[in-house]
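**Student:** Can you keep this structure in mind? I'll have questions shortly.
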Amino acid sequence: MRLRVIRTVAAMTFGAVLAGAAACSAPSDGKGGAGSGTGGSLVVGIAQEPDTLSPLLGYGKDGNSKIFDGLLRHDAGMELEPALAAKLPEIGDGGRTYTYTLREGVTFSDGTPFDAEDVVFTYETILDEGTNNPSKGELDALDSVTAEGGDTVVFRLKYPYAAFAERTVLPIASKEAAAGQDVNTGPYNTEPVGTGPYVLTGWSRGEKLTFQANPGYWGGVPEVERLTMAVIKDDDVRATRLRSGDLDAAVLPPALAGTFAGDDGRRVIRARTADFRAVTLPTAGPVTGDRAVRRALDTAVDRQAIVDSVLDGAGRAAYGPVPTGSPWFAKGTERGHDPDKAKEILEDAGWKAGEDGVRRRDGRRAAFTLWYPSGDRLRQEHALAYAADAEEIGIDITVESGTWEVIEPRMKDDAVLSGGGSPADPDFDLYPLLHSSLALDGFNNMAAYDNPEADRALEEGRRTNDRAARAEAYATVQRELAENPGYTFLTHIDHVYVMDDAWRGVTTQVEPHDHGLGTGPWWNVEDWRPRK
C-alpha cells in the first residue's frame with residue numbers, strides 16, 4: 001500500500017506551552033488495543049499537555065477542546081458556524097452588541113441543563129481580576145454579558161471589535177459544577193464538566209489523558225468511543241512508540257514522519273498552519289537591543305534554506321506572524337537573504353570585525369545566547385541554522401536548551417526560539433506579540449518590543465469594523481516590523497502527522513500554534529466513522 005499524503009490548503013481567514021515529561025509506560029486503558037485501528041479506540045502521541053482543563057483559565061480558547069463547546073465553532077474551512085448557539089449572532093449598535101440565541105435541549109455531561117447563565121458565568125469569571133487567565137486581555141473589548149431569559153445572551157462591547165465573534169468559540173463552563181470554588185486551584189481544573197463530545201476519565205500528568213464518548217452529546221454519540229492522548233515530549237520517542245504499535249497516531253517533525261513512507265496501513269497528513277517560529281531579540285539586551293543588529297540578522301537569515309532543510313519543504317518562509325498566504329499579509333514586506341547587506345548594516349553602525357571573526361563595538365562582542373525548549377527537534381534545528389547564518393556576518397550566538405521553567409526568567413536578556421500563531425484574525429497574534437503594554441507579560445511580547453507607530457496601528461486595527469481600515473492598519477504594523485524588527489521570523493511550519501488508516505472523515509483545518517490535544521486530524525474525531 002502506498003503512503004497517502006493529505007495536504008490541506010484551506011483559505012486563511014486570518015484570525016506558553018508547558019511540555020509534559022516523556023511517558024515511558026504504555027498508554028492503553030485496557031479497553032482497546034493501541035494500534036489495532038478497531039474497537040472504537042484511538043491512542044494519539046502528542047508533545048505537550050495543558051496545565052489546566054478549565055476554560056475559565058484559558059483551556060480550549062481557540063476551540064476544539066473535546067470536553068467543551070463554544071457558542072460557535074470552526075468548520076473545516078475555518079468559517080464560523082453555530083455550536084451551543086442555534087445560529088450565528090445578530091450584530092447591532094454599529095458592531096457594539098452581539099446577541100446569541102442558544103440551542104435547545106443541551107445538557108452538560110453530568111446531566112444538568114445548559115442555559116444562558118452558564119455563558120454569563122464563564123465570561124464574567126474569566127474577566128474577574130482574581131482569575132489567573134493569561135488570555136483575558138483577548139476580551140478587552142467586552143463591556144458586559146447578560147442573560148435575557150434562559151435562551152438568549154447579549155454581549156455589549158466598549159468599542160466595535162471586528163474579531164469578537166471569533167472569541168465566542170471559547171468553551172462554556174458549567175456554572176453549577178465550577179461556581180463556589182477557587183477558580184485558580186479548584187477541582188474543576190482537573191475534573192471538568194462540559195457539553196462536548198467527550199468526557200475526561202483520567203489524567204496522569206506527564207503521561208496521558210483519557211476520554212470516553214459522551215453518551216448525551218447533543219451532536220450524536222461519537223463512534224470513536226475511547227480517546228487517549230499520550231504525552232510524549234521527545235520527538236524520537238514518539239516516533240519509536242508509533243512504529244512499535246503503541247500509538248495509533250502521532251504528531252512528528254517532517255523528517256521523522258518521512259521515515260514512515262511506504263508503511264502499510266498508515267498515512268501521513270500534512271496541515272497548513274498559522275504556526276510560526278521566530279527568534280526573540282530582547283530590546284534590553286546590550287547586543288540585541290541595537291536596532292542595527294536586529295536588522296542585520298533579519299537580512300542575513302536564509303529562510304528558504306530552513307524551509308528546505310529543516311522542514312523538508314513542509315512550510316513557508318515567514319516575515320512576521322501573518323503568513324504570506326493570508327489575505328492580511330502586507331506584500332512588499334518580504335526580506336531576502338543578503339549577508340553582504342547585513343555586514344554593511346553592521347559596519348555602518350560601528351560593529352567592526354575582530355581577530356576571532358566576531359564583531360565588536362566599544363569593546364563589546366556581538367554575542368548573545370539563544371534558548372530553545374529541550375526535546376523540541378524543530379526548534380533546535382531552527383536555532384542552529386539561525387546561529388550559522390549569524391556567524392557568517394560576525395555575530396556569535398550560543399545555542400542552549402532548557403525547560404520553560406529555565407527559559408522564562410531569562411527572556412528579558414536572552415533570545416528565545418519562540419512559536420505562536422492563530423489562523424482566526426490578525427489581531428490575535430499581532431497585538432499580544434507587539435504591543436508595548438504587554439512587554440514581558442508572561443509569554444506576550446517576549447522581546448519587549450516598543451514601537452509607538454506600531455502601537456497606534458494595532459489599536460486602530462482592533463477598534464474598527466471597517467475591513468479596509470483594518471487591512472491598512474495591519475499593513476502598517478508589518479512595515480514597521482520590517483524596518484524595526486523585534487524578532488527574526490523564520491518559518492511558518494506545516495504540522496505533520498502519521499496515523500493508522502482505519503477511519504473515514506479524517507481532515508484538517510488551518511491550524512494554530514497549539515496543536516495535539518484538540519487540534520490535529522482529530523479536530524473532528526467525533527464525526528469519524530470506521531472503514532468497513
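Residue numbers start at 1 in each chain; chains themselves are named A, B, ... in the order of the C-alpha cells; ligands are numbered from 1 in the order shown.
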Using only C-alpha atoms, what table do you get, as a Markdown table, when you list each residue of range 290-361 of chain A with an atom no more than 12 Å from range 384-395 of chain A, its nearest pair of atoms, and their distance in Å rounded to one decimal, rows by chain then rising number?
**Tutor:**
| residue | atom | partner | partner_atom | distance |
| --- | --- | --- | --- | --- |
| A:Val293 | CA | A:Ile395 | CA | 8.7 |
| A:Arg294 | CA | A:Ala390 | CA | 10.7 |
| A:Arg295 | CA | A:Ala390 | CA | 11.6 |
| A:Ala296 | CA | A:Ile393 | CA | 8.3 |
| A:Leu297 | CA | A:Ala390 | CA | 6.4 |
| A:Asp298 | CA | A:Ala390 | CA | 9.6 |
| A:Thr299 | CA | A:Asp389 | CA | 9.8 |
| A:Ala300 | CA | A:Asp389 | CA | 6.2 |
| A:Val301 | CA | A:Asp389 | CA | 5.5 |
| A:Asp302 | CA | A:Asp389 | CA | 7.1 |
| A:Arg303 | CA | A:Tyr386 | CA | 8.9 |
| A:Gln304 | CA | A:Ala385 | CA | 11.2 |
| A:Ala305 | CA | A:Ala385 | CA | 8.7 |
| A:Ile306 | CA | A:Ala385 | CA | 6.9 |
| A:Val307 | CA | A:Ala385 | CA | 10.6 |
| A:Asp308 | CA | A:Ala385 | CA | 11.6 |
| A:Ser309 | CA | A:Ala385 | CA | 9.4 |
| A:Val310 | CA | A:Ala385 | CA | 8.4 |
| A:Leu311 | CA | A:Ala385 | CA | 11.7 |
| A:His337 | CA | A:Asp389 | CA | 9.7 |
| A:Asp338 | CA | A:Ile393 | CA | 10.1 |
| A:Pro339 | CA | A:Ile393 | CA | 6.4 |
| A:Asp340 | CA | A:Ile393 | CA | 8.0 |
| A:Lys341 | CA | A:Ile393 | CA | 9.6 |
| A:Ala342 | CA | A:Ile393 | CA | 6.9 |
| A:Lys343 | CA | A:Ile393 | CA | 5.6 |
| A:Glu344 | CA | A:Ile393 | CA | 9.4 |
| A:Ile345 | CA | A:Ile393 | CA | 10.2 |
| A:Leu346 | CA | A:Ile393 | CA | 8.5 |
| A:Glu347 | CA | A:Ile393 | CA | 10.3 |
| A:Trp351 | CA | A:Gly394 | CA | 9.0 |
| A:Lys352 | CA | A:Gly394 | CA | 8.7 |
| A:Ala353 | CA | A:Gly394 | CA | 6.6 |
| A:Gly354 | CA | A:Gly394 | CA | 8.5 |
| A:Glu355 | CA | A:Gly394 | CA | 10.6 |
| A:Asp356 | CA | A:Gly394 | CA | 9.1 |
| A:Gly357 | CA | A:Gly394 | CA | 5.7 |
| A:Val358 | CA | A:Gly394 | CA | 4.5 |
| A:Arg359 | CA | A:Gly394 | CA | 5.3 |
| A:Arg360 | CA | A:Gly394 | CA | 8.9 |
| A:Arg361 | CA | A:Ile395 | CA | 11.8 |
**Student:** Tell me, as a list in words, which residues lie within 7 Å of range 187-203 of chain A, counting only C-alpha atoms; anything in the same chain fewer than 5 positions away does not count.
**Tutor:** Thr52, Leu53, Ser54, Lys66, Ile67, Phe68, Asp69, Thr107, Phe108, Ser109, Asp110, Ala173, Ser174, Ala177, Ala178, Lys208, Leu209, Thr210, Phe211, Gln212, Ala213, Asn214, Tyr217, Pro222 and Glu526 of chain A
**Student:** Could you write out that same residue set with N, CA, C and O atoms as an mmCIF file, in the first residue's frame?
**Tutor:**
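As a result, result10.cif now contains:
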data_model
loop_
_atom_site.group_PDB
_atom_site.id
_atom_site.type_symbol
_atom_site.label_atom_id
_atom_site.label_comp_id
_atom_site.auth_asym_id
_atom_site.auth_seq_id
_atom_site.Cartn_x
_atom_site.Cartn_y
_atom_site.Cartn_z
ATOM 1 N N THR A 52 -4.071 23.100 32.696
ATOM 2 C CA THR A 52 -5.415 23.077 33.247
ATOM 3 C C THR A 52 -6.373 22.623 32.153
ATOM 4 O O THR A 52 -6.079 22.769 30.963
ATOM 5 N N LEU A 53 -7.509 22.081 32.558
ATOM 6 C CA LEU A 53 -8.570 21.738 31.611
ATOM 7 C C LEU A 53 -9.794 22.622 31.816
ATOM 8 O O LEU A 53 -10.887 22.293 31.369
ATOM 9 N N SER A 54 -9.593 23.740 32.485
ATOM 10 C CA SER A 54 -10.698 24.673 32.723
ATOM 11 C C SER A 54 -10.675 25.806 31.710
ATOM 12 O O SER A 54 -9.676 26.527 31.606
ATOM 13 N N LYS A 66 -12.812 19.336 22.860
ATOM 14 C CA LYS A 66 -13.335 17.978 23.011
ATOM 15 C C LYS A 66 -14.226 17.796 24.236
ATOM 16 O O LYS A 66 -15.220 17.088 24.182
ATOM 17 N N ILE A 67 -13.884 18.419 25.361
ATOM 18 C CA ILE A 67 -14.704 18.303 26.566
ATOM 19 C C ILE A 67 -15.819 19.345 26.563
ATOM 20 O O ILE A 67 -16.869 19.146 27.165
ATOM 21 N N PHE A 68 -15.580 20.441 25.865
ATOM 22 C CA PHE A 68 -16.483 21.591 25.896
ATOM 23 C C PHE A 68 -16.901 21.991 24.484
ATOM 24 O O PHE A 68 -16.317 21.559 23.497
ATOM 25 N N ASP A 69 -17.909 22.853 24.436
ATOM 26 C CA ASP A 69 -18.296 23.545 23.208
ATOM 27 C C ASP A 69 -18.287 25.041 23.478
ATOM 28 O O ASP A 69 -18.506 25.491 24.608
ATOM 29 N N THR A 107 -27.404 19.458 27.417
ATOM 30 C CA THR A 107 -27.062 19.226 28.817
ATOM 31 C C THR A 107 -25.551 19.072 28.962
ATOM 32 O O THR A 107 -24.843 18.701 28.020
ATOM 33 N N PHE A 108 -25.066 19.357 30.165
ATOM 34 C CA PHE A 108 -23.682 19.063 30.490
ATOM 35 C C PHE A 108 -23.525 17.562 30.712
ATOM 36 O O PHE A 108 -24.502 16.835 30.866
ATOM 37 N N SER A 109 -22.274 17.113 30.749
ATOM 38 C CA SER A 109 -22.025 15.674 30.862
ATOM 39 C C SER A 109 -22.503 15.085 32.178
ATOM 40 O O SER A 109 -22.664 13.865 32.290
ATOM 41 N N ASP A 110 -22.754 15.934 33.196
ATOM 42 C CA ASP A 110 -23.300 15.437 34.465
ATOM 43 C C ASP A 110 -24.821 15.459 34.484
ATOM 44 O O ASP A 110 -25.434 15.179 35.513
ATOM 45 N N ALA A 173 -18.180 26.882 30.429
ATOM 46 C CA ALA A 173 -18.087 26.072 31.639
ATOM 47 C C ALA A 173 -19.457 25.929 32.290
ATOM 48 O O ALA A 173 -20.370 26.729 32.062
ATOM 49 N N SER A 174 -19.595 24.923 33.126
ATOM 50 C CA SER A 174 -20.821 24.702 33.888
ATOM 51 C C SER A 174 -20.797 25.547 35.154
ATOM 52 O O SER A 174 -19.921 25.366 36.011
ATOM 53 N N ALA A 177 -21.201 23.304 38.278
ATOM 54 C CA ALA A 177 -20.043 22.487 38.654
ATOM 55 C C ALA A 177 -18.854 23.324 39.097
ATOM 56 O O ALA A 177 -18.059 22.876 39.934
ATOM 57 N N ALA A 178 -18.695 24.529 38.537
ATOM 58 C CA ALA A 178 -17.472 25.306 38.775
ATOM 59 C C ALA A 178 -17.624 26.421 39.794
ATOM 60 O O ALA A 178 -16.627 26.869 40.368
ATOM 61 N N LYS A 208 -0.563 10.721 30.294
ATOM 62 C CA LYS A 208 -1.686 10.554 29.375
ATOM 63 C C LYS A 208 -2.945 11.211 29.918
ATOM 64 O O LYS A 208 -3.101 11.449 31.117
ATOM 65 N N LEU A 209 -3.862 11.507 28.982
ATOM 66 C CA LEU A 209 -5.229 11.908 29.301
ATOM 67 C C LEU A 209 -6.143 10.926 28.589
ATOM 68 O O LEU A 209 -5.920 10.586 27.420
ATOM 69 N N THR A 210 -7.172 10.462 29.278
ATOM 70 C CA THR A 210 -8.101 9.503 28.682
ATOM 71 C C THR A 210 -9.512 10.084 28.669
ATOM 72 O O THR A 210 -9.925 10.787 29.598
ATOM 73 N N PHE A 211 -10.232 9.777 27.593
ATOM 74 C CA PHE A 211 -11.567 10.323 27.385
ATOM 75 C C PHE A 211 -12.525 9.210 26.954
ATOM 76 O O PHE A 211 -12.111 8.249 26.297
ATOM 77 N N GLN A 212 -13.784 9.376 27.285
ATOM 78 C CA GLN A 212 -14.847 8.469 26.857
ATOM 79 C C GLN A 212 -15.895 9.288 26.116
ATOM 80 O O GLN A 212 -16.142 10.450 26.457
ATOM 81 N N ALA A 213 -16.492 8.700 25.086
ATOM 82 C CA ALA A 213 -17.550 9.390 24.349
ATOM 83 C C ALA A 213 -18.684 9.776 25.292
ATOM 84 O O ALA A 213 -19.086 8.985 26.155
ATOM 85 N N ASN A 214 -19.174 10.984 25.130
ATOM 86 C CA ASN A 214 -20.277 11.492 25.944
ATOM 87 C C ASN A 214 -21.594 10.922 25.407
ATOM 88 O O ASN A 214 -22.014 11.278 24.303
ATOM 89 N N TYR A 217 -24.215 13.543 24.243
ATOM 90 C CA TYR A 217 -23.761 14.659 23.414
ATOM 91 C C TYR A 217 -24.840 15.082 22.428
ATOM 92 O O TYR A 217 -25.406 14.250 21.707
ATOM 93 N N PRO A 222 -20.188 9.894 19.561
ATOM 94 C CA PRO A 222 -19.070 9.579 18.668
ATOM 95 C C PRO A 222 -18.840 8.072 18.537
ATOM 96 O O PRO A 222 -19.025 7.320 19.494
ATOM 97 N N GLU A 526 -15.096 13.281 16.627
ATOM 98 C CA GLU A 526 -16.462 12.868 16.968
ATOM 99 C C GLU A 526 -17.300 12.537 15.736
ATOM 100 O O GLU A 526 -18.351 11.892 15.852
#
**Student:** Going by DSSP on the backbone, which residues of range 457-516 of chain A come out as alpha helix (DSSP H)? List them as a VMD selection string.
**Tutor:** chain A and resid 457 to 462 467 to 483
**Student:** With distances taken over only C-alpha atoms, which of A:Ala366, A:Tyr159, A:Ile91, A:Ser401 is nearest to Gly289 in chain A?
**Tutor:**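 Using only C-alpha atoms, Gly289 in chain A sits closest to A:Ala366.
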**Student:** Taking 6 positions as the minimum chain separation for residues in the same chain, which residues sit within 9 Å of Arg291 in chain A when counting only C-alpha atoms? Answer as a PyMOL selection string.
**Tutor:** chain A and resi 283+484-486
**Student:** With N, CA, C and O atoms retained, export the selected residues as a short mmCIF file (atom, residue, chain, number, x, y, z; two decimals), in the first residue's frame.
**Tutor:**
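The resulting file, out10.cif, is shown below:
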data_model
loop_
_atom_site.label_atom_id
_atom_site.label_comp_id
_atom_site.auth_asym_id
_atom_site.auth_seq_id
_atom_site.Cartn_x
_atom_site.Cartn_y
_atom_site.Cartn_z
N THR A 283 14.90 43.85 23.56
CA THR A 283 15.33 45.24 23.41
C THR A 283 16.19 45.70 24.58
O THR A 283 16.86 46.73 24.50
N ASN A 484 11.97 47.90 11.76
CA ASN A 484 12.48 47.87 13.14
C ASN A 484 12.09 46.53 13.77
O ASN A 484 11.19 46.46 14.59
N PRO A 485 12.77 45.45 13.39
CA PRO A 485 12.36 44.12 13.85
C PRO A 485 12.70 43.88 15.32
O PRO A 485 13.82 44.15 15.75
N GLY A 486 11.72 43.40 16.07
CA GLY A 486 11.98 42.97 17.44
C GLY A 486 12.17 41.48 17.52
O GLY A 486 12.52 40.94 18.58
#
**Student:** Excluding Asp466 in chain A and residues on its chain fewer than 4 positions from it, collect all residues at most 12 Å away from it, counting only C-alpha atoms, and give them as number ranges by chain.
**Tutor:** A: 94-95, 160-163, 460-462, 470-473
**Student:** Rounded to one decimal place, report the CA of Ile269 in chain A-CA of Pro530 in chain A distance in Å.
**Tutor:**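 Value for the CA of Ile269 in chain A-CA of Pro530 in chain A distance: 17.6 Å.
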**Student:** From the list A:Thr101, A:Thr324, A:Asn465, A:Thr288, which residue is nearest Lys412 in chain A when using only C-alpha atoms?
**Tutor:**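 Selected residue with least distance to Lys412 in chain A: A:Thr288.
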**Student:** A:Arg96, A:His382, A:His435, A:Lys532: which is nearest Val279 in chain A, counting only C-alpha atoms?
**Tutor:** A:His382
**Student:** Can you pull out the residues contacting range 503-510 of chain A? Cut-off 8 Å, using only C-alpha atoms, and skip same-chain residues under 4 positions away; I want them as number ranges by chain.
**Tutor:** A: 8-10, 12, 37, 75-78, 271-274, 423, 520-525, 527-531
**Student:** Selected residues, N, CA and C atoms, written as an mmCIF file, in the first residue's frame, please.
**Tutor:**
data_model
loop_
_atom_site.group_PDB
_atom_site.id
_atom_site.type_symbol
_atom_site.label_atom_id
_atom_site.label_comp_id
_atom_site.auth_asym_id
_atom_site.auth_seq_id
_atom_site.Cartn_x
_atom_site.Cartn_y
_atom_site.Cartn_z
ATOM 1 N N THR A 8 -3.721 20.088 3.230
ATOM 2 C CA THR A 8 -4.855 20.978 3.364
ATOM 3 C C THR A 8 -4.426 22.371 2.971
ATOM 4 N N VAL A 9 -5.088 22.961 1.994
ATOM 5 C CA VAL A 9 -4.729 24.297 1.527
ATOM 6 C C VAL A 9 -5.966 25.183 1.634
ATOM 7 N N ALA A 10 -6.603 25.160 2.825
ATOM 8 C CA ALA A 10 -7.787 25.984 3.021
ATOM 9 C C ALA A 10 -7.393 27.450 3.031
ATOM 10 N N MET A 12 -6.966 31.090 4.305
ATOM 11 C CA MET A 12 -6.760 31.590 5.657
ATOM 12 C C MET A 12 -7.576 32.851 5.886
ATOM 13 N N GLY A 37 -6.553 -0.156 15.404
ATOM 14 C CA GLY A 37 -7.386 0.519 14.422
ATOM 15 C C GLY A 37 -8.832 0.079 14.455
ATOM 16 N N ASP A 75 -15.640 25.369 11.054
ATOM 17 C CA ASP A 75 -15.754 24.204 10.196
ATOM 18 C C ASP A 75 -14.399 23.910 9.559
ATOM 19 N N ALA A 76 -14.349 22.976 8.620
ATOM 20 C CA ALA A 76 -13.071 22.566 8.031
ATOM 21 C C ALA A 76 -12.370 23.718 7.330
ATOM 22 N N GLY A 77 -13.134 24.678 6.806
ATOM 23 C CA GLY A 77 -12.557 25.829 6.129
ATOM 24 C C GLY A 77 -12.329 27.018 7.027
ATOM 25 N N MET A 78 -12.446 26.820 8.364
ATOM 26 C CA MET A 78 -12.246 27.859 9.370
ATOM 27 C C MET A 78 -13.318 28.936 9.336
ATOM 28 N N ALA A 271 -0.886 19.443 7.500
ATOM 29 C CA ALA A 271 -1.851 20.526 7.658
ATOM 30 C C ALA A 271 -1.175 21.880 7.537
ATOM 31 N N ARG A 272 -1.771 22.773 6.755
ATOM 32 C CA ARG A 272 -1.325 24.170 6.725
ATOM 33 C C ARG A 272 -1.631 24.810 8.074
ATOM 34 N N THR A 273 -0.817 25.785 8.458
ATOM 35 C CA THR A 273 -0.983 26.393 9.771
ATOM 36 C C THR A 273 -0.677 27.887 9.730
ATOM 37 N N ALA A 274 -0.972 28.524 10.860
ATOM 38 C CA ALA A 274 -0.502 29.890 11.135
ATOM 39 C C ALA A 274 0.650 29.844 12.124
ATOM 40 N N PRO A 423 -4.973 31.202 13.318
ATOM 41 C CA PRO A 423 -5.481 31.456 11.969
ATOM 42 C C PRO A 423 -6.758 32.277 11.921
ATOM 43 N N GLY A 520 -5.577 18.949 15.308
ATOM 44 C CA GLY A 520 -4.842 17.931 14.574
ATOM 45 C C GLY A 520 -5.849 17.258 13.662
ATOM 46 N N PRO A 521 -5.506 16.171 13.017
ATOM 47 C CA PRO A 521 -6.500 15.477 12.192
ATOM 48 C C PRO A 521 -7.725 15.051 12.999
ATOM 49 N N TRP A 522 -7.563 14.952 14.319
ATOM 50 C CA TRP A 522 -8.661 14.548 15.195
ATOM 51 C C TRP A 522 -9.499 15.730 15.665
ATOM 52 N N TRP A 523 -9.378 16.891 15.030
ATOM 53 C CA TRP A 523 -10.191 18.046 15.415
ATOM 54 C C TRP A 523 -11.675 17.713 15.336
ATOM 55 N N ASN A 524 -12.043 16.791 14.423
ATOM 56 C CA ASN A 524 -13.449 16.396 14.271
ATOM 57 C C ASN A 524 -13.628 14.910 14.533
ATOM 58 N N VAL A 525 -12.855 14.353 15.471
ATOM 59 C CA VAL A 525 -12.872 12.910 15.723
ATOM 60 C C VAL A 525 -14.266 12.402 16.062
ATOM 61 N N ASP A 527 -16.832 12.957 14.547
ATOM 62 C CA ASP A 527 -17.573 12.687 13.313
ATOM 63 C C ASP A 527 -17.002 11.517 12.521
ATOM 64 N N TRP A 528 -15.910 10.913 12.971
ATOM 65 C CA TRP A 528 -15.284 9.837 12.216
ATOM 66 C C TRP A 528 -16.155 8.583 12.193
ATOM 67 N N ARG A 529 -15.962 7.804 11.145
ATOM 68 C CA ARG A 529 -16.630 6.512 11.006
ATOM 69 C C ARG A 529 -15.574 5.474 10.652
ATOM 70 N N PRO A 530 -15.693 4.255 11.157
ATOM 71 C CA PRO A 530 -14.685 3.232 10.835
ATOM 72 C C PRO A 530 -14.759 2.809 9.379
ATOM 73 N N ARG A 531 -13.597 2.499 8.822
ATOM 74 C CA ARG A 531 -13.568 1.942 7.471
ATOM 75 C C ARG A 531 -14.122 0.526 7.512
#
**Student:** Neighbouring residues of Pro282 in chain A were defined as those with any atom within 12 Å, considering only C-alpha atoms; residues of the same chain fewer than 4 positions away were excluded. Please report them as a CSV table (one decimal) with N, CA and C atoms, in the first residue's frame.
**Tutor:**
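So result37.csv came out as:
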chain,number,residue,atom,x,y,z
A,286,PRO,N,22.2,44.1,25.6
A,286,PRO,CA,23.3,45.0,25.1
A,286,PRO,C,23.6,44.9,23.7
A,287,VAL,N,23.4,43.7,23.1
A,287,VAL,CA,23.6,43.5,21.7
A,287,VAL,C,22.3,43.5,20.9
A,288,THR,N,21.3,42.7,21.3
A,288,THR,CA,20.1,42.6,20.6
A,288,THR,C,19.2,43.9,20.7
A,289,GLY,N,19.6,44.7,21.7
A,289,GLY,CA,18.9,46.0,21.8
A,289,GLY,C,19.3,47.0,20.8
A,290,ASP,N,20.3,46.7,20.0
A,290,ASP,CA,20.7,47.6,18.9
A,290,ASP,C,19.9,47.3,17.7
A,291,ARG,N,19.2,48.3,17.2
A,291,ARG,CA,18.3,48.1,16.0
A,291,ARG,C,19.1,47.6,14.8
A,293,VAL,N,21.7,45.6,14.8
A,293,VAL,CA,22.0,44.2,14.9
A,293,VAL,C,20.7,43.4,14.5
A,294,ARG,N,19.6,43.9,15.0
A,294,ARG,CA,18.3,43.2,14.7
A,294,ARG,C,18.1,43.2,13.1
A,368,PHE,N,25.4,36.7,21.9
A,368,PHE,CA,24.3,36.5,22.9
A,368,PHE,C,23.9,35.1,22.8
A,369,THR,N,23.0,34.7,23.8
A,369,THR,CA,22.5,33.3,23.9
A,369,THR,C,21.1,33.2,23.4
A,370,LEU,N,20.9,32.1,22.7
A,370,LEU,CA,19.6,31.7,22.1
A,370,LEU,C,19.1,30.4,22.7
A,410,ARG,N,14.9,34.1,31.9
A,410,ARG,CA,16.0,34.6,31.1
A,410,ARG,C,15.5,35.4,29.8
A,411,MET,N,14.2,35.5,29.6
A,411,MET,CA,13.6,36.0,28.4
A,411,MET,C,13.9,37.5,28.3
A,412,LYS,N,14.1,38.2,29.4
A,412,LYS,CA,14.3,39.7,29.3
A,412,LYS,C,15.7,40.0,28.7
A,413,ASP,N,16.7,39.1,28.9
A,413,ASP,CA,18.0,39.3,28.4
A,413,ASP,C,18.5,38.4,27.3
A,414,ASP,N,18.0,37.2,27.2
A,414,ASP,CA,18.4,36.3,26.2
A,414,ASP,C,17.4,36.1,25.1
A,415,ALA,N,17.8,35.7,24.0
A,415,ALA,CA,16.9,35.3,22.9
A,415,ALA,C,16.3,34.0,23.1
A,416,VAL,N,15.1,33.8,22.5
A,416,VAL,CA,14.4,32.5,22.6
A,416,VAL,C,13.8,32.1,21.2
A,417,LEU,N,14.0,30.8,20.9
A,417,LEU,CA,13.3,30.3,19.7
A,417,LEU,C,11.9,30.1,20.0
A,439,ALA,N,4.6,44.1,27.2
A,439,ALA,CA,6.0,43.6,27.2
A,439,ALA,C,6.3,42.7,28.4
A,440,LEU,N,6.8,41.5,28.0
A,440,LEU,CA,7.2,40.5,29.0
A,440,LEU,C,6.1,40.2,30.0
A,445,ASN,N,4.6,39.5,24.1
A,445,ASN,CA,5.7,40.4,23.7
A,445,ASN,C,7.0,40.1,24.4
A,446,MET,N,7.5,38.9,24.1
A,446,MET,CA,8.7,38.4,24.7
A,446,MET,C,10.0,39.2,24.4
A,447,ALA,N,9.9,40.0,23.3
A,447,ALA,CA,11.1,40.8,23.0
A,447,ALA,C,11.0,42.2,23.6
A,448,ALA,N,9.9,42.5,24.4
A,448,ALA,CA,9.7,43.8,24.9
A,448,ALA,C,9.7,44.9,23.8
A,449,TYR,N,9.1,44.5,22.7
A,449,TYR,CA,9.1,45.4,21.5
A,449,TYR,C,8.3,46.7,21.9
A,450,ASP,N,8.9,47.9,21.5
A,450,ASP,CA,8.3,49.1,21.9
A,450,ASP,C,8.4,50.1,20.7
A,485,PRO,N,12.8,45.5,13.4
A,485,PRO,CA,12.4,44.1,13.9
A,485,PRO,C,12.7,43.9,15.3
A,486,GLY,N,11.7,43.4,16.1
A,486,GLY,CA,12.0,43.0,17.4
A,486,GLY,C,12.2,41.5,17.5
A,487,TYR,N,11.9,40.8,16.4
A,487,TYR,CA,12.0,39.4,16.3
A,487,TYR,C,12.6,39.1,14.9
A,488,THR,N,13.2,38.0,14.7
A,488,THR,CA,13.5,37.5,13.4
A,488,THR,C,12.6,36.3,13.1
**Student:** For CA of Ser374 in chain A and CA of Ala47 in chain A, quote the distance in Å rounded to one decimal.
**Tutor:**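 Atom-to-atom, CA of Ser374 in chain A and CA of Ala47 in chain A are spaced 11.7 Å apart.
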**Student:** Within 9 Å of Leu256 in chain A, counting only C-alpha atoms, which residues show up once you throw out same-chain ones fewer than 2 positions away? Write them as a list of chain:residue names, please.
**Tutor:**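 In the requested format, the answer is A:Asp235, A:Asp236, A:Ala239, A:Leu252, A:Pro253, A:Pro254, A:Gly258, A:Thr259, A:Phe260.
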**Student:** Save out the residues we just selected, C-alpha atoms, as a compact mmCIF listing (two decimals), in the first residue's frame.
**Tutor:**
# COMPACT_ATOMS: atom_id res chain seq x y z
CA ASP A 235 10.02 13.54 19.10
CA ASP A 236 12.18 10.42 18.68
CA ALA A 239 8.15 8.03 16.59
CA LEU A 252 6.02 14.32 14.25
CA PRO A 253 8.61 16.62 12.67
CA PRO A 254 8.59 16.31 8.85
CA GLY A 258 9.04 10.75 6.27
CA THR A 259 10.59 7.60 7.76
CA PHE A 260 7.11 6.06 7.75
**Student:** Using only C-alpha atoms, can you tell me which of A:Gly45, A:Gly186, A:Pro327, A:Pro82 comes closest to Arg238 in chain A?
**Tutor:**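 Among the listed residues, the smallest separation from Arg238 in chain A belongs to A:Gly45.
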**Student:** Once DSSP has gone over the backbone, tell me which residues of range 267-376 of chain A are in strand (DSSP E or B), as an MDAnalysis selection string.
**Tutor:** chainID A and resid 267:271 273 276:280 315:317 352:353 359:361 364:365 367:373
